[in-house]
$ cat entry.cif   # mmCIF, C-alpha atoms
data_protein
#
loop_
_atom_site.label_atom_id
_atom_site.label_comp_id
_atom_site.auth_asym_id
_atom_site.auth_seq_id
_atom_site.Cartn_x
_atom_site.Cartn_y
_atom_site.Cartn_z
CA MET K 24 -20.94 -34.12 34.25
CA SER K 25 -18.12 -31.78 35.32
CA GLN K 26 -15.47 -30.84 32.82
CA VAL K 27 -12.26 -32.85 32.61
CA ILE K 28 -8.89 -31.57 31.51
CA ILE K 29 -6.75 -33.81 29.31
CA GLY K 30 -3.12 -32.85 29.72
CA VAL K 31 -0.86 -33.89 26.84
CA ASP K 32 2.92 -34.23 27.05
CA PRO K 33 3.82 -34.48 23.34
CA HIS K 34 6.88 -35.99 21.70
CA LYS K 35 7.74 -36.70 18.09
CA ARG K 36 6.58 -40.33 18.06
CA SER K 37 4.51 -40.56 21.24
CA ALA K 38 2.17 -38.57 23.47
CA THR K 39 1.34 -39.16 27.12
CA ILE K 40 -2.00 -37.96 28.48
CA GLU K 41 -3.32 -37.49 31.99
CA ILE K 42 -7.05 -36.84 32.51
CA ILE K 43 -8.08 -34.97 35.66
CA ASN K 44 -11.39 -33.60 36.97
CA ASP K 45 -12.03 -30.21 38.53
CA ARG K 46 -10.62 -31.48 41.87
CA GLU K 47 -7.34 -32.50 40.22
CA GLN K 48 -8.16 -36.18 40.65
CA ALA K 49 -6.84 -38.47 37.92
CA VAL K 50 -9.62 -40.23 36.01
CA GLY K 51 -7.59 -41.66 33.14
CA GLY K 52 -4.42 -41.51 31.14
CA GLY K 53 -1.93 -43.45 29.08
CA ARG K 54 0.85 -43.35 26.54
CA PHE K 55 0.01 -43.46 22.84
CA ALA K 56 1.95 -43.47 19.60
CA THR K 57 1.45 -40.52 17.25
CA ASP K 58 0.79 -42.67 14.19
CA ARG K 59 -2.78 -43.16 12.93
CA ASP K 60 -3.69 -46.05 15.20
CA GLY K 61 -2.11 -44.47 18.26
CA TYR K 62 -3.83 -41.14 17.63
CA LYS K 63 -7.21 -42.85 17.22
CA ALA K 64 -6.71 -44.67 20.52
CA MET K 65 -5.75 -41.42 22.31
CA LEU K 66 -8.76 -39.63 20.84
CA ALA K 67 -11.06 -42.45 21.91
CA ALA K 68 -9.68 -42.29 25.46
CA GLY K 69 -10.41 -38.59 25.61
CA ARG K 70 -13.86 -38.82 24.04
CA LYS K 71 -15.08 -41.07 26.82
CA HIS K 72 -15.68 -37.80 28.66
CA ALA K 73 -18.37 -35.60 27.14
CA ASP K 74 -17.26 -32.28 28.64
CA ARG K 75 -13.53 -32.17 27.94
CA LEU K 76 -10.73 -29.73 27.25
CA TRP K 77 -7.40 -30.73 25.75
CA ALA K 78 -4.31 -28.98 27.09
CA VAL K 79 -1.19 -29.49 24.97
CA GLU K 80 2.27 -28.31 25.98
CA GLY K 81 4.15 -26.23 23.42
CA CYS K 82 1.57 -25.85 20.64
CA SER K 83 3.98 -23.58 18.77
CA GLY K 84 6.76 -26.16 18.97
CA ILE K 85 6.88 -29.90 19.53
CA GLY K 86 3.18 -30.02 20.39
CA ARG K 87 2.00 -28.41 17.16
CA HIS K 88 1.41 -31.64 15.25
CA VAL K 89 -0.77 -33.11 18.01
CA ALA K 90 -2.67 -29.88 18.68
CA GLN K 91 -3.46 -29.28 15.02
CA ARG K 92 -4.76 -32.82 14.56
CA LEU K 93 -7.02 -32.39 17.58
CA VAL K 94 -8.35 -29.02 16.40
CA ALA K 95 -8.96 -30.40 12.92
CA GLY K 96 -10.99 -33.15 14.58
CA GLY K 97 -13.27 -30.65 16.29
CA GLU K 98 -11.65 -30.75 19.74
CA THR K 99 -11.10 -27.70 21.94
CA VAL K 100 -7.40 -27.25 22.67
CA VAL K 101 -5.48 -24.71 24.76
CA ASP K 102 -1.76 -24.05 24.60
CA VAL K 103 0.19 -24.52 27.86
CA PRO K 104 3.64 -22.87 27.85
CA ALA K 105 6.45 -25.16 28.98
CA LYS K 106 7.50 -22.65 31.67
CA LEU K 107 4.11 -22.87 33.37
CA SER K 108 4.02 -26.66 33.36
CA ALA K 109 7.58 -26.74 34.75
CA ARG K 110 6.54 -24.51 37.64
CA ALA K 111 3.53 -26.68 38.38
CA ARG K 112 5.76 -29.75 38.47
CA VAL K 113 8.24 -28.12 40.85
CA PHE K 114 5.56 -27.08 43.32
CA ALA K 115 3.70 -30.39 43.18
CA THR K 116 3.85 -32.78 46.10
CA GLY K 117 6.21 -35.72 45.86
CA GLN K 118 9.81 -35.84 44.76
CA GLY K 119 9.29 -33.73 41.63
CA ARG K 120 10.72 -36.33 39.30
CA LYS K 121 10.35 -35.51 35.62
CA THR K 122 8.49 -38.29 33.86
CA ASP K 123 6.04 -38.18 30.99
CA PRO K 124 2.97 -38.92 33.20
CA VAL K 125 4.08 -36.24 35.68
CA ASP K 126 4.59 -33.75 32.86
CA ALA K 127 1.15 -34.52 31.42
CA ARG K 128 -0.43 -34.03 34.83
CA SER K 129 1.39 -30.71 35.28
CA VAL K 130 0.04 -29.55 31.91
CA ALA K 131 -3.49 -30.50 32.94
CA VAL K 132 -3.20 -28.73 36.31
CA VAL K 133 -1.96 -25.54 34.65
CA ALA K 134 -4.90 -25.60 32.22
CA LEU K 135 -7.32 -26.14 35.11
CA ARG K 136 -5.97 -23.36 37.32
CA THR K 137 -4.78 -20.74 34.78
CA PRO K 138 -7.31 -18.49 33.05
CA GLY K 139 -6.50 -16.82 29.76
CA LEU K 140 -4.55 -19.59 28.05
CA ARG K 141 -4.49 -19.25 24.28
CA GLN K 142 -7.01 -21.39 22.47
CA VAL K 143 -5.44 -23.15 19.50
CA ALA K 144 -6.95 -22.47 16.07
CA VAL K 145 -6.41 -24.16 12.73
CA ASP K 146 -3.27 -22.95 10.93
CA ASP K 147 -4.00 -19.93 8.74
CA THR K 148 -2.15 -17.39 6.58
CA THR K 149 -0.01 -16.20 9.49
CA VAL K 150 1.57 -19.65 9.72
CA ALA K 151 2.40 -19.56 6.00
CA LEU K 152 3.93 -16.11 6.48
CA ARG K 153 6.07 -17.36 9.35
CA LEU K 154 7.28 -20.33 7.29
CA LEU K 155 8.16 -18.14 4.31
CA VAL K 156 9.94 -15.47 6.35
CA ASP K 157 11.91 -18.13 8.19
CA ARG K 158 13.00 -19.43 4.81
CA ARG K 159 13.88 -15.90 3.69
CA ASP K 160 15.98 -15.32 6.83
CA GLN K 161 17.75 -18.63 6.28
CA LEU K 162 18.62 -17.60 2.71
CA GLY K 163 19.97 -14.30 4.02
CA ARG K 164 22.22 -16.06 6.52
CA THR K 165 23.44 -18.45 3.82
CA ARG K 166 24.23 -15.55 1.50
CA THR K 167 26.23 -13.81 4.23
CA GLU K 168 28.25 -16.98 4.81
CA VAL K 169 28.95 -17.45 1.08
CA VAL K 170 30.02 -13.81 0.64
CA SER K 171 32.30 -14.08 3.66
CA ARG K 172 34.04 -17.14 2.23
CA LEU K 173 34.29 -15.42 -1.15
CA HIS K 174 35.92 -12.35 0.42
CA HIS K 175 38.49 -14.58 2.08
CA LEU K 176 39.46 -16.21 -1.23
CA LEU K 177 39.53 -12.93 -3.16
CA LEU K 178 41.83 -11.44 -0.55
CA GLU K 179 44.33 -14.18 -1.38
CA LEU K 180 43.89 -13.71 -5.14
CA VAL K 181 43.59 -9.92 -5.50
CA PRO K 182 45.77 -7.41 -3.62
CA GLY K 183 43.49 -5.59 -1.18
CA GLY K 184 40.62 -7.99 -1.81
CA ALA K 185 37.12 -6.90 -2.80
CA LYS K 186 34.85 -4.16 -1.48
CA GLN K 187 32.58 -4.84 1.48
CA PHE K 188 29.21 -5.05 -0.27
CA LEU K 189 29.84 -7.42 -3.14
CA SER K 190 27.42 -8.67 -5.78
CA ALA K 191 27.90 -11.78 -7.87
CA GLN K 192 28.49 -9.73 -11.04
CA GLN K 193 31.15 -7.60 -9.34
CA ALA K 194 32.87 -10.66 -7.92
CA ARG K 195 32.91 -12.35 -11.33
CA ALA K 196 34.37 -9.27 -13.01
CA LEU K 197 37.06 -9.08 -10.36
CA LEU K 198 37.85 -12.78 -10.67
CA ASN K 199 38.23 -12.49 -14.45
CA THR K 200 41.22 -10.18 -13.90
CA VAL K 201 43.11 -12.95 -12.10
CA ARG K 202 45.05 -15.69 -13.94
CA PRO K 203 47.13 -17.61 -11.38
CA ARG K 204 49.65 -20.17 -12.67
CA ASP K 205 50.45 -22.13 -9.52
CA VAL K 206 48.24 -24.97 -8.31
CA VAL K 207 47.26 -23.16 -5.09
CA GLY K 208 46.17 -20.04 -6.97
CA LYS K 209 44.22 -22.08 -9.53
CA THR K 210 42.46 -23.95 -6.72
CA ARG K 211 41.51 -20.72 -5.01
CA ARG K 212 40.20 -19.29 -8.27
CA TRP K 213 38.14 -22.41 -8.94
CA LEU K 214 36.63 -22.33 -5.43
CA ALA K 215 35.85 -18.64 -5.81
CA SER K 216 34.10 -19.35 -9.11
CA GLU K 217 32.00 -22.04 -7.42
CA LEU K 218 31.05 -19.62 -4.64
CA ILE K 219 30.00 -17.00 -7.20
CA HIS K 220 27.77 -19.61 -8.84
CA GLU K 221 26.24 -20.38 -5.44
CA LEU K 222 25.75 -16.67 -4.83
CA VAL K 223 23.86 -16.26 -8.10
CA THR K 224 21.57 -19.16 -7.17
CA ILE K 225 20.91 -17.77 -3.68
CA ASP K 226 20.16 -14.30 -5.06
CA LYS K 227 17.55 -15.81 -7.39
CA LYS K 228 15.95 -17.67 -4.48
CA ILE K 229 15.91 -14.51 -2.36
CA LYS K 230 14.22 -12.59 -5.17
CA ILE K 231 11.54 -15.27 -5.50
CA ALA K 232 11.08 -15.40 -1.71
CA ASN K 233 10.62 -11.62 -1.58
CA GLN K 234 7.99 -11.79 -4.32
CA GLU K 235 6.11 -14.55 -2.50
CA LEU K 236 6.23 -12.61 0.77
CA THR K 237 5.00 -9.43 -0.90
CA GLU K 238 2.07 -11.21 -2.53
CA LEU K 239 1.08 -13.03 0.66
CA VAL K 240 1.36 -9.91 2.84
CA THR K 241 -0.74 -7.97 0.30
CA SER K 242 -3.39 -10.70 0.34
CA THR K 243 -3.85 -10.24 4.09
CA GLY K 244 -4.88 -6.60 3.62
CA SER K 245 -2.14 -5.38 5.94
CA ARG K 246 -0.68 -1.90 5.39
CA LEU K 247 2.43 -2.43 7.47
CA GLN K 248 4.61 -1.88 4.43
CA HIS K 249 3.30 1.70 4.28
CA LEU K 250 5.33 2.38 7.42
CA HIS K 251 8.81 3.73 6.74
CA GLY K 252 11.38 1.00 7.42
CA ILE K 253 9.18 -2.08 7.01
CA GLY K 254 9.63 -4.21 3.90
CA PRO K 255 8.13 -7.56 2.89
CA SER K 256 10.26 -9.57 5.33
CA GLY K 257 9.57 -7.23 8.22
CA ALA K 258 5.82 -7.17 7.57
CA ALA K 259 5.72 -10.96 7.23
CA ARG K 260 7.68 -11.38 10.46
CA LEU K 261 5.33 -9.07 12.33
CA LEU K 262 2.19 -10.71 10.97
CA GLY K 263 3.51 -14.26 11.31
CA ASP K 264 4.83 -14.02 14.87
CA ILE K 265 2.15 -11.72 16.29
CA GLY K 266 -0.88 -13.32 14.68
CA ASP K 267 -3.96 -11.73 16.26
CA ILE K 268 -3.03 -8.28 17.54
CA GLY K 269 -6.16 -8.39 19.68
CA ARG K 270 -4.44 -10.70 22.15
CA PHE K 271 -2.53 -7.65 23.41
CA THR K 272 -4.67 -5.53 25.69
CA SER K 273 -2.68 -2.35 25.12
CA ARG K 274 0.37 -0.97 23.34
CA ALA K 275 2.30 -1.25 26.63
CA HIS K 276 1.45 -4.96 26.73
CA PHE K 277 2.73 -5.30 23.17
CA ALA K 278 5.95 -3.40 24.00
CA SER K 279 6.54 -5.67 26.98
CA TRP K 280 6.07 -8.74 24.79
CA ASN K 281 8.52 -7.59 22.11
CA GLY K 282 11.18 -6.47 24.60
CA THR K 283 11.16 -2.73 23.84
CA ALA K 284 9.70 -1.75 27.22
CA PRO K 285 12.47 -0.94 29.73
CA ILE K 286 12.42 -2.54 33.19
CA ASP K 287 12.30 -0.47 36.35
CA ALA K 288 15.64 -0.94 38.16
CA SER K 289 15.27 1.82 40.76
CA SER K 290 16.78 1.43 44.21
CA GLY K 291 16.38 3.88 47.06
CA ASP K 292 16.78 7.44 45.80
CA GLN K 293 18.22 6.25 42.49
CA ASN K 294 15.57 6.19 39.76
CA ARG K 295 16.60 4.39 36.61
CA HIS K 296 15.49 1.79 34.07
CA ARG K 297 17.41 -0.93 32.30
CA LEU K 298 17.14 -2.85 29.05
CA SER K 299 14.68 -5.73 29.01
CA ARG K 300 16.33 -8.89 27.73
CA ALA K 301 13.04 -10.74 27.58
CA GLY K 302 10.48 -10.74 24.80
CA ASN K 303 10.29 -11.88 21.20
CA TRP K 304 13.66 -10.92 19.76
CA ARG K 305 12.65 -11.59 16.17
CA ILE K 306 10.05 -8.84 16.48
CA ASN K 307 12.59 -6.74 18.36
CA ARG K 308 14.99 -7.16 15.45
CA ALA K 309 12.30 -6.05 12.95
CA LEU K 310 11.72 -2.92 15.05
CA HIS K 311 15.49 -2.33 15.26
CA ILE K 312 15.80 -2.46 11.47
CA MET K 313 12.84 -0.10 11.18
CA ALA K 314 14.56 2.33 13.58
CA ILE K 315 17.88 2.22 11.71
CA VAL K 316 16.15 2.87 8.37
CA GLN K 317 14.29 5.85 9.83
CA LEU K 318 17.54 7.27 11.23
CA ARG K 319 19.09 7.15 7.76
CA HIS K 320 16.35 9.31 6.24
CA ASP K 321 14.62 12.55 7.07
CA THR K 322 11.75 11.10 9.09
CA GLU K 323 9.88 11.87 12.28
CA GLY K 324 11.83 9.01 13.82
CA ARG K 325 15.13 10.79 13.20
CA ARG K 326 13.75 14.01 14.70
CA TYR K 327 12.47 12.14 17.74
CA TYR K 328 15.90 10.51 18.16
CA ARG K 329 17.65 13.90 18.01
CA ARG K 330 15.25 15.32 20.59
CA LYS K 331 16.21 12.51 22.93
CA LEU K 332 19.89 13.25 22.40
CA ALA K 333 19.27 16.92 23.12
CA ALA K 334 17.50 15.91 26.34
CA GLY K 335 20.69 14.23 27.59
CA LYS K 336 20.14 10.65 26.49
CA THR K 337 23.05 8.59 25.24
CA PRO K 338 22.84 7.38 21.62
CA MET K 339 21.94 3.87 22.82
CA GLU K 340 19.26 5.16 25.18
CA ALA K 341 17.82 7.36 22.44
CA LEU K 342 17.71 4.38 20.06
CA ARG K 343 15.90 2.28 22.66
CA ALA K 344 13.39 5.07 23.18
CA LEU K 345 12.84 5.26 19.41
CA LYS K 346 12.26 1.51 19.20
CA ARG K 347 9.68 1.76 21.97
CA ARG K 348 7.89 4.54 20.11
CA LEU K 349 7.99 2.58 16.83
CA SER K 350 6.49 -0.36 18.71
CA HIS K 351 3.52 1.91 19.42
CA VAL K 352 3.35 2.87 15.73
CA VAL K 353 3.29 -0.78 14.62
CA TYR K 354 0.71 -1.68 17.26
CA ARG K 355 -1.55 1.19 16.19
CA GLN K 356 -1.26 0.23 12.52
CA MET K 357 -2.03 -3.45 13.16
CA VAL K 358 -5.05 -2.53 15.29
CA ALA K 359 -6.23 -0.22 12.51
CA ASP K 360 -5.74 -2.97 9.92
CA ALA K 361 -7.66 -5.47 12.01
CA LYS K 362 -10.52 -3.02 12.49
CA ARG K 363 -10.58 -2.10 8.79
CA ILE K 364 -10.56 -5.74 7.69
CA ARG K 365 -13.44 -6.53 10.07
CA THR K 366 -15.56 -3.54 9.07
CA GLY K 367 -14.68 -3.48 5.37
CA PRO K 368 -13.44 -0.61 3.20
CA GLY K 369 -16.02 1.78 4.64
CA GLY K 370 -14.96 1.20 8.26
CA HIS K 371 -12.85 3.45 10.38
CA THR K 372 -9.11 2.88 10.05
CA GLY K 373 -8.37 4.09 13.56
CA ALA K 374 -4.86 5.36 12.73
CA THR K 375 -2.85 7.19 10.14
CA LEU K 376 -1.22 5.14 7.42
CA THR K 377 2.03 7.10 7.38
CA SER K 378 4.90 6.18 9.64
CA SER K 379 5.49 8.50 12.56
CA ALA K 380 7.44 8.17 15.74
CA ALA K 381 5.24 10.77 17.42
CA ASP K 382 2.24 9.73 19.47
CA LEU K 383 -1.27 10.99 18.73
CA ASN K 384 -0.99 12.93 21.97
CA PRO K 385 2.29 14.92 21.85
CA MET K 386 2.40 15.19 25.65
CA ILE K 387 2.65 11.41 26.10
CA ASP K 388 6.13 9.92 26.40
CA THR K 389 6.11 6.30 27.54
CA SER K 390 9.57 5.41 26.28
CA ASP K 391 11.04 5.69 29.76
CA LYS K 392 8.31 3.81 31.56
CA SER K 393 8.80 0.34 32.95
CA LEU K 394 6.90 -2.80 32.08
CA PRO K 395 3.12 -2.59 32.31
CA GLY K 396 1.23 -4.32 35.07
CA PRO K 397 -0.47 -7.68 34.55
CA ALA K 398 -3.47 -7.57 32.28
CA LYS K 399 -6.74 -9.26 33.13
CA PRO K 400 -6.52 -12.69 31.48
CA SER K 401 -9.18 -13.90 29.11
CA LEU K 402 -9.40 -16.88 26.81
CA LYS K 403 -8.80 -15.77 23.24
CA GLN K 404 -11.19 -17.29 20.72
CA PRO K 405 -9.74 -18.43 17.39
CA SER K 406 -10.26 -15.94 14.60
#

$ encode --input "entry.cif" --output "structure tokens"
Amino acid sequence: MSQVIIGVDPHKRSATIEIINDREQAVGGGRFATDRDGYKAMLAAGRKHADRLWAVEGCSGIGRHVAQRLVAGGETVVDVPAKLSARARVFATGQGRKTDPVDARSVAVVALRTPGLRQVAVDDTTVALRLLVDRRDQLGRTRTEVVSRLHHLLLELVPGGAKQFLSAQQARALLNTVRPRDVVGKTRRWLASELIHELVTIDKKIKIANQELTELVTSTGSRLQHLHGIGPSGAARLLGDIGDIGRFTSRAHFASWNGTAPIDASSGDQNRHRLSRAGNWRINRALHIMAIVQLRHDTEGRRYYRRKLAAGKTPMEALRALKRRLSHVVYRQMVADAKRIRTGPGGHTGATLTSSAADLNPMIDTSDKSLPGPAKPSLKQPS
């Protein structure tokens, strides 16, 4: 029997499937609840076909719960990005109305006609890292909000307010010098005291989160933290969002994905490049922090940045070039880690363990190059 593709349009409490053959003819389908009985019925409908492939839309988002249940049950699942299914729906015959059956069919068609879609694997350590670093980032944003509110109250209580970078102990010592007698002042002091208590609690949670991230990153065998400018949160973000570094065919492919590769914007005799606003901006932010830290210390990154300034680049252009070069450094380190983990302690590392903004070949300078061309697609097997 020929293979069938089971397209899944997932929702929180329901999932619609459309089963097509290799000629895009519908051979089944239906709408099922995502509870136990509904999932069993959907699985039974799919297992009527011996040679089958499940295609789920958004396996990193709303489709994760369905995809993971299918993979845990021994099914083969590929992830279909929502953008691809939307394009298939627009170019389909008919009126292009967006309904769940139409969406499920579009997902199935994309899986049938698009090589190289990511095969979904069972959640592993990278997922735990992503969950923990998301929690750590949330705590950081909460702390910033609490400190901002505390600064506002202290400005009303203390002439000139408090200094910019304020710890809970410093805020408490400053608040102890204030003894307002009016009801408004007393209220402000009480609210400030409550915020300091919240700040102490958040700082304890951040400390625990950092310890958990450090231990989990260390357990993976990664040496990203050996690079200057990458701490526990940065390493966890890189490992959690990137996952298998092998899915990137080259360092240029990786730079394009994280948004550090400039886009060719030449026209006529004018040859220039512009900032890419695409890509994973959480990884871009980790690379930006890494670049800023290197600029603050005597590193190869700072020297590379100054060479770019001497060559006529603006400070912003030089920083973008540095981020692109650091993207290469991170890519090389992750490839080396993956190779070392596969081969064991006696294997070749494939790269130096110290951070450097210089390439292995000093004559290579890809920071001004545009996005790489399309890579040959291939289906990535789960690690």

$ residues_around --input "entry.cif" --residues "K:Leu66" --least-positions-apart "3" --cutoff "12 Å" --atoms "all atoms listed in the file" --output "NGL selection string"
:K and (29 or 31 or 38-40 or 52-57 or 59-63 or 69-72 or 75-77 or 89-90 or 92-94 or 96-98)

$ closest_residue --input "entry.cif" --among "K:Arg166, K:Arg195, K:Arg343, K:Arg141" --to "K:Lys227" --atoms "only C-alpha atoms"
K:Arg166

$ resolve_selection --input "entry.cif" --expression "the PyMOL selection byres ((chain K and resi 318) around 12)" --output "PyMOL selection string"
chain K and resi 251-252+311-317+319-329+338+341-342+345-346+380

$ residues_around --input "entry.cif" --residues "K:Ala78" --least-positions-apart "2" --cutoff "12 Å" --atoms "only C-alpha atoms" --output "PyMOL selection string"
chain K and resi 27-33+39-43+69+75-76+80-82+86-87+89-90+93-94+98-105+108+126-137+140-143

$ closest_residue --input "entry.cif" --among "K:Thr224, K:Ser289, K:Ser299, K:Ser350" --to "K:Ser273" --atoms "only C-alpha atoms"
K:Ser350

$ closest_residue --input "entry.cif" --among "K:Leu197, K:Ala68, K:Val207, K:Leu261" --to "K:Asn307" --atoms "all atoms listed in the file"
K:Leu261

$ residues_around --input "entry.cif" --residues "K:Leu222" --least-positions-apart "5" --cutoff "10 Å" --atoms "all atoms listed in the file" --output "MDAnalysis selection string"
chainID K and resid 165:170 173 190:192 194 216:217 227:228

$ atom_distance --input "entry.cif" --atom1 "atom CA of K:Val358" --atom2 "atom CA of K:Leu152"
18.5 Å

$ atom_distance --input "entry.cif" --atom1 "atom CA of K:Gly282" --atom2 "atom CA of K:Trp304"
7.0 Å

$ closest_residue --input "entry.cif" --among "K:Val240, K:Ile219, K:Trp213, K:Arg153" --to "K:Leu189" --atoms "all atoms listed in the file"
K:Ile219

$ closest_residue --input "entry.cif" --among "K:Arg246, K:Arg355, K:Lys336, K:Arg305" --to "K:Phe271" --atoms "all atoms listed in the file"
K:Arg355

$ resolve_selection --input "entry.cif" --expression "the PyMOL selection byres ((chain K and resi 199-202) around 12)" --output "PyMOL selection string"
chain K and resi 176-182+184+192-198+203-213+215-216+219

$ write_last_selection --input "entry.cif" --atoms "C-alpha atoms" --output "CSV table (one decimal), keeping the file's coordinate frame"
chain,number,residue,atom,x,y,z
K,176,LEU,CA,39.5,-16.2,-1.2
K,177,LEU,CA,39.5,-12.9,-3.2
K,178,LEU,CA,41.8,-11.4,-0.6
K,179,GLU,CA,44.3,-14.2,-1.4
K,180,LEU,CA,43.9,-13.7,-5.1
K,181,VAL,CA,43.6,-9.9,-5.5
K,182,PRO,CA,45.8,-7.4,-3.6
K,184,GLY,CA,40.6,-8.0,-1.8
K,192,GLN,CA,28.5,-9.7,-11.0
K,193,GLN,CA,31.2,-7.6,-9.3
K,194,ALA,CA,32.9,-10.7,-7.9
K,195,ARG,CA,32.9,-12.4,-11.3
K,196,ALA,CA,34.4,-9.3,-13.0
K,197,LEU,CA,37.1,-9.1,-10.4
K,198,LEU,CA,37.8,-12.8,-10.7
K,203,PRO,CA,47.1,-17.6,-11.4
K,204,ARG,CA,49.6,-20.2,-12.7
K,205,ASP,CA,50.4,-22.1,-9.5
K,206,VAL,CA,48.2,-25.0,-8.3
K,207,VAL,CA,47.3,-23.2,-5.1
K,208,GLY,CA,46.2,-20.0,-7.0
K,209,LYS,CA,44.2,-22.1,-9.5
K,210,THR,CA,42.5,-24.0,-6.7
K,211,ARG,CA,41.5,-20.7,-5.0
K,212,ARG,CA,40.2,-19.3,-8.3
K,213,TRP,CA,38.1,-22.4,-8.9
K,215,ALA,CA,35.8,-18.6,-5.8
K,216,SER,CA,34.1,-19.4,-9.1
K,219,ILE,CA,30.0,-17.0,-7.2

$ resolve_selection --input "entry.cif" --expression "the PyMOL selection byres ((chain K and resi 229-234) around 12)" --output "VMD selection string"
chain K and resid 152 154 to 166 222 to 228 235 to 241 254 to 259

$ write_last_selection --input "entry.cif" --atoms "C-alpha atoms" --output "mmCIF file, keeping the file's coordinate frame"
data_model
loop_
_atom_site.group_PDB
_atom_site.id
_atom_site.type_symbol
_atom_site.label_atom_id
_atom_site.label_comp_id
_atom_site.auth_asym_id
_atom_site.auth_seq_id
_atom_site.Cartn_x
_atom_site.Cartn_y
_atom_site.Cartn_z
ATOM 1 C CA LEU K 152 3.930 -16.110 6.480
ATOM 2 C CA LEU K 154 7.280 -20.330 7.290
ATOM 3 C CA LEU K 155 8.160 -18.140 4.310
ATOM 4 C CA VAL K 156 9.940 -15.470 6.350
ATOM 5 C CA ASP K 157 11.910 -18.130 8.190
ATOM 6 C CA ARG K 158 13.000 -19.430 4.810
ATOM 7 C CA ARG K 159 13.880 -15.900 3.690
ATOM 8 C CA ASP K 160 15.980 -15.320 6.830
ATOM 9 C CA GLN K 161 17.750 -18.630 6.280
ATOM 10 C CA LEU K 162 18.620 -17.600 2.710
ATOM 11 C CA GLY K 163 19.970 -14.300 4.020
ATOM 12 C CA ARG K 164 22.220 -16.060 6.520
ATOM 13 C CA THR K 165 23.440 -18.450 3.820
ATOM 14 C CA ARG K 166 24.230 -15.550 1.500
ATOM 15 C CA LEU K 222 25.750 -16.670 -4.830
ATOM 16 C CA VAL K 223 23.860 -16.260 -8.100
ATOM 17 C CA THR K 224 21.570 -19.160 -7.170
ATOM 18 C CA ILE K 225 20.910 -17.770 -3.680
ATOM 19 C CA ASP K 226 20.160 -14.300 -5.060
ATOM 20 C CA LYS K 227 17.550 -15.810 -7.390
ATOM 21 C CA LYS K 228 15.950 -17.670 -4.480
ATOM 22 C CA GLU K 235 6.110 -14.550 -2.500
ATOM 23 C CA LEU K 236 6.230 -12.610 0.770
ATOM 24 C CA THR K 237 5.000 -9.430 -0.900
ATOM 25 C CA GLU K 238 2.070 -11.210 -2.530
ATOM 26 C CA LEU K 239 1.080 -13.030 0.660
ATOM 27 C CA VAL K 240 1.360 -9.910 2.840
ATOM 28 C CA THR K 241 -0.740 -7.970 0.300
ATOM 29 C CA GLY K 254 9.630 -4.210 3.900
ATOM 30 C CA PRO K 255 8.130 -7.560 2.890
ATOM 31 C CA SER K 256 10.260 -9.570 5.330
ATOM 32 C CA GLY K 257 9.570 -7.230 8.220
ATOM 33 C CA ALA K 258 5.820 -7.170 7.570
ATOM 34 C CA ALA K 259 5.720 -10.960 7.230
#

$ build_atoms --input "entry.cif" --residues "stretch 155-165 of chain K" --atoms "N, CA and C atoms" --output "mmCIF file, in the frame of the given file"
data_model
loop_
_atom_site.group_PDB
_atom_site.id
_atom_site.type_symbol
_atom_site.label_atom_id
_atom_site.label_comp_id
_atom_site.auth_asym_id
_atom_site.auth_seq_id
_atom_site.Cartn_x
_atom_site.Cartn_y
_atom_site.Cartn_z
ATOM 1 N N LEU K 155 7.458 -18.784 5.421
ATOM 2 C CA LEU K 155 8.160 -18.140 4.310
ATOM 3 C C LEU K 155 9.235 -17.171 4.805
ATOM 4 N N VAL K 156 8.938 -16.426 5.867
ATOM 5 C CA VAL K 156 9.940 -15.470 6.350
ATOM 6 C C VAL K 156 11.091 -16.187 7.036
ATOM 7 N N ASP K 157 10.811 -17.330 7.649
ATOM 8 C CA ASP K 157 11.910 -18.130 8.190
ATOM 9 C C ASP K 157 12.829 -18.604 7.070
ATOM 10 N N ARG K 158 12.217 -19.019 5.974
ATOM 11 C CA ARG K 158 13.000 -19.430 4.810
ATOM 12 C C ARG K 158 13.808 -18.260 4.253
ATOM 13 N N ARG K 159 13.177 -17.081 4.192
ATOM 14 C CA ARG K 159 13.880 -15.900 3.690
ATOM 15 C C ARG K 159 15.058 -15.538 4.599
ATOM 16 N N ASP K 160 14.886 -15.609 5.899
ATOM 17 C CA ASP K 160 15.980 -15.320 6.830
ATOM 18 C C ASP K 160 17.109 -16.338 6.688
ATOM 19 N N GLN K 161 16.733 -17.593 6.468
ATOM 20 C CA GLN K 161 17.750 -18.630 6.280
ATOM 21 C C GLN K 161 18.573 -18.358 5.009
ATOM 22 N N LEU K 162 17.908 -17.940 3.943
ATOM 23 C CA LEU K 162 18.620 -17.600 2.710
ATOM 24 C C LEU K 162 19.562 -16.419 2.938
ATOM 25 N N GLY K 163 19.115 -15.451 3.720
ATOM 26 C CA GLY K 163 19.970 -14.300 4.020
ATOM 27 C C GLY K 163 21.215 -14.693 4.786
ATOM 28 N N ARG K 164 21.048 -15.588 5.764
ATOM 29 C CA ARG K 164 22.220 -16.060 6.520
ATOM 30 C C ARG K 164 23.166 -16.859 5.629
ATOM 31 N N THR K 165 22.607 -17.674 4.737
ATOM 32 C CA THR K 165 23.440 -18.450 3.820
ATOM 33 C C THR K 165 24.210 -17.538 2.880
#
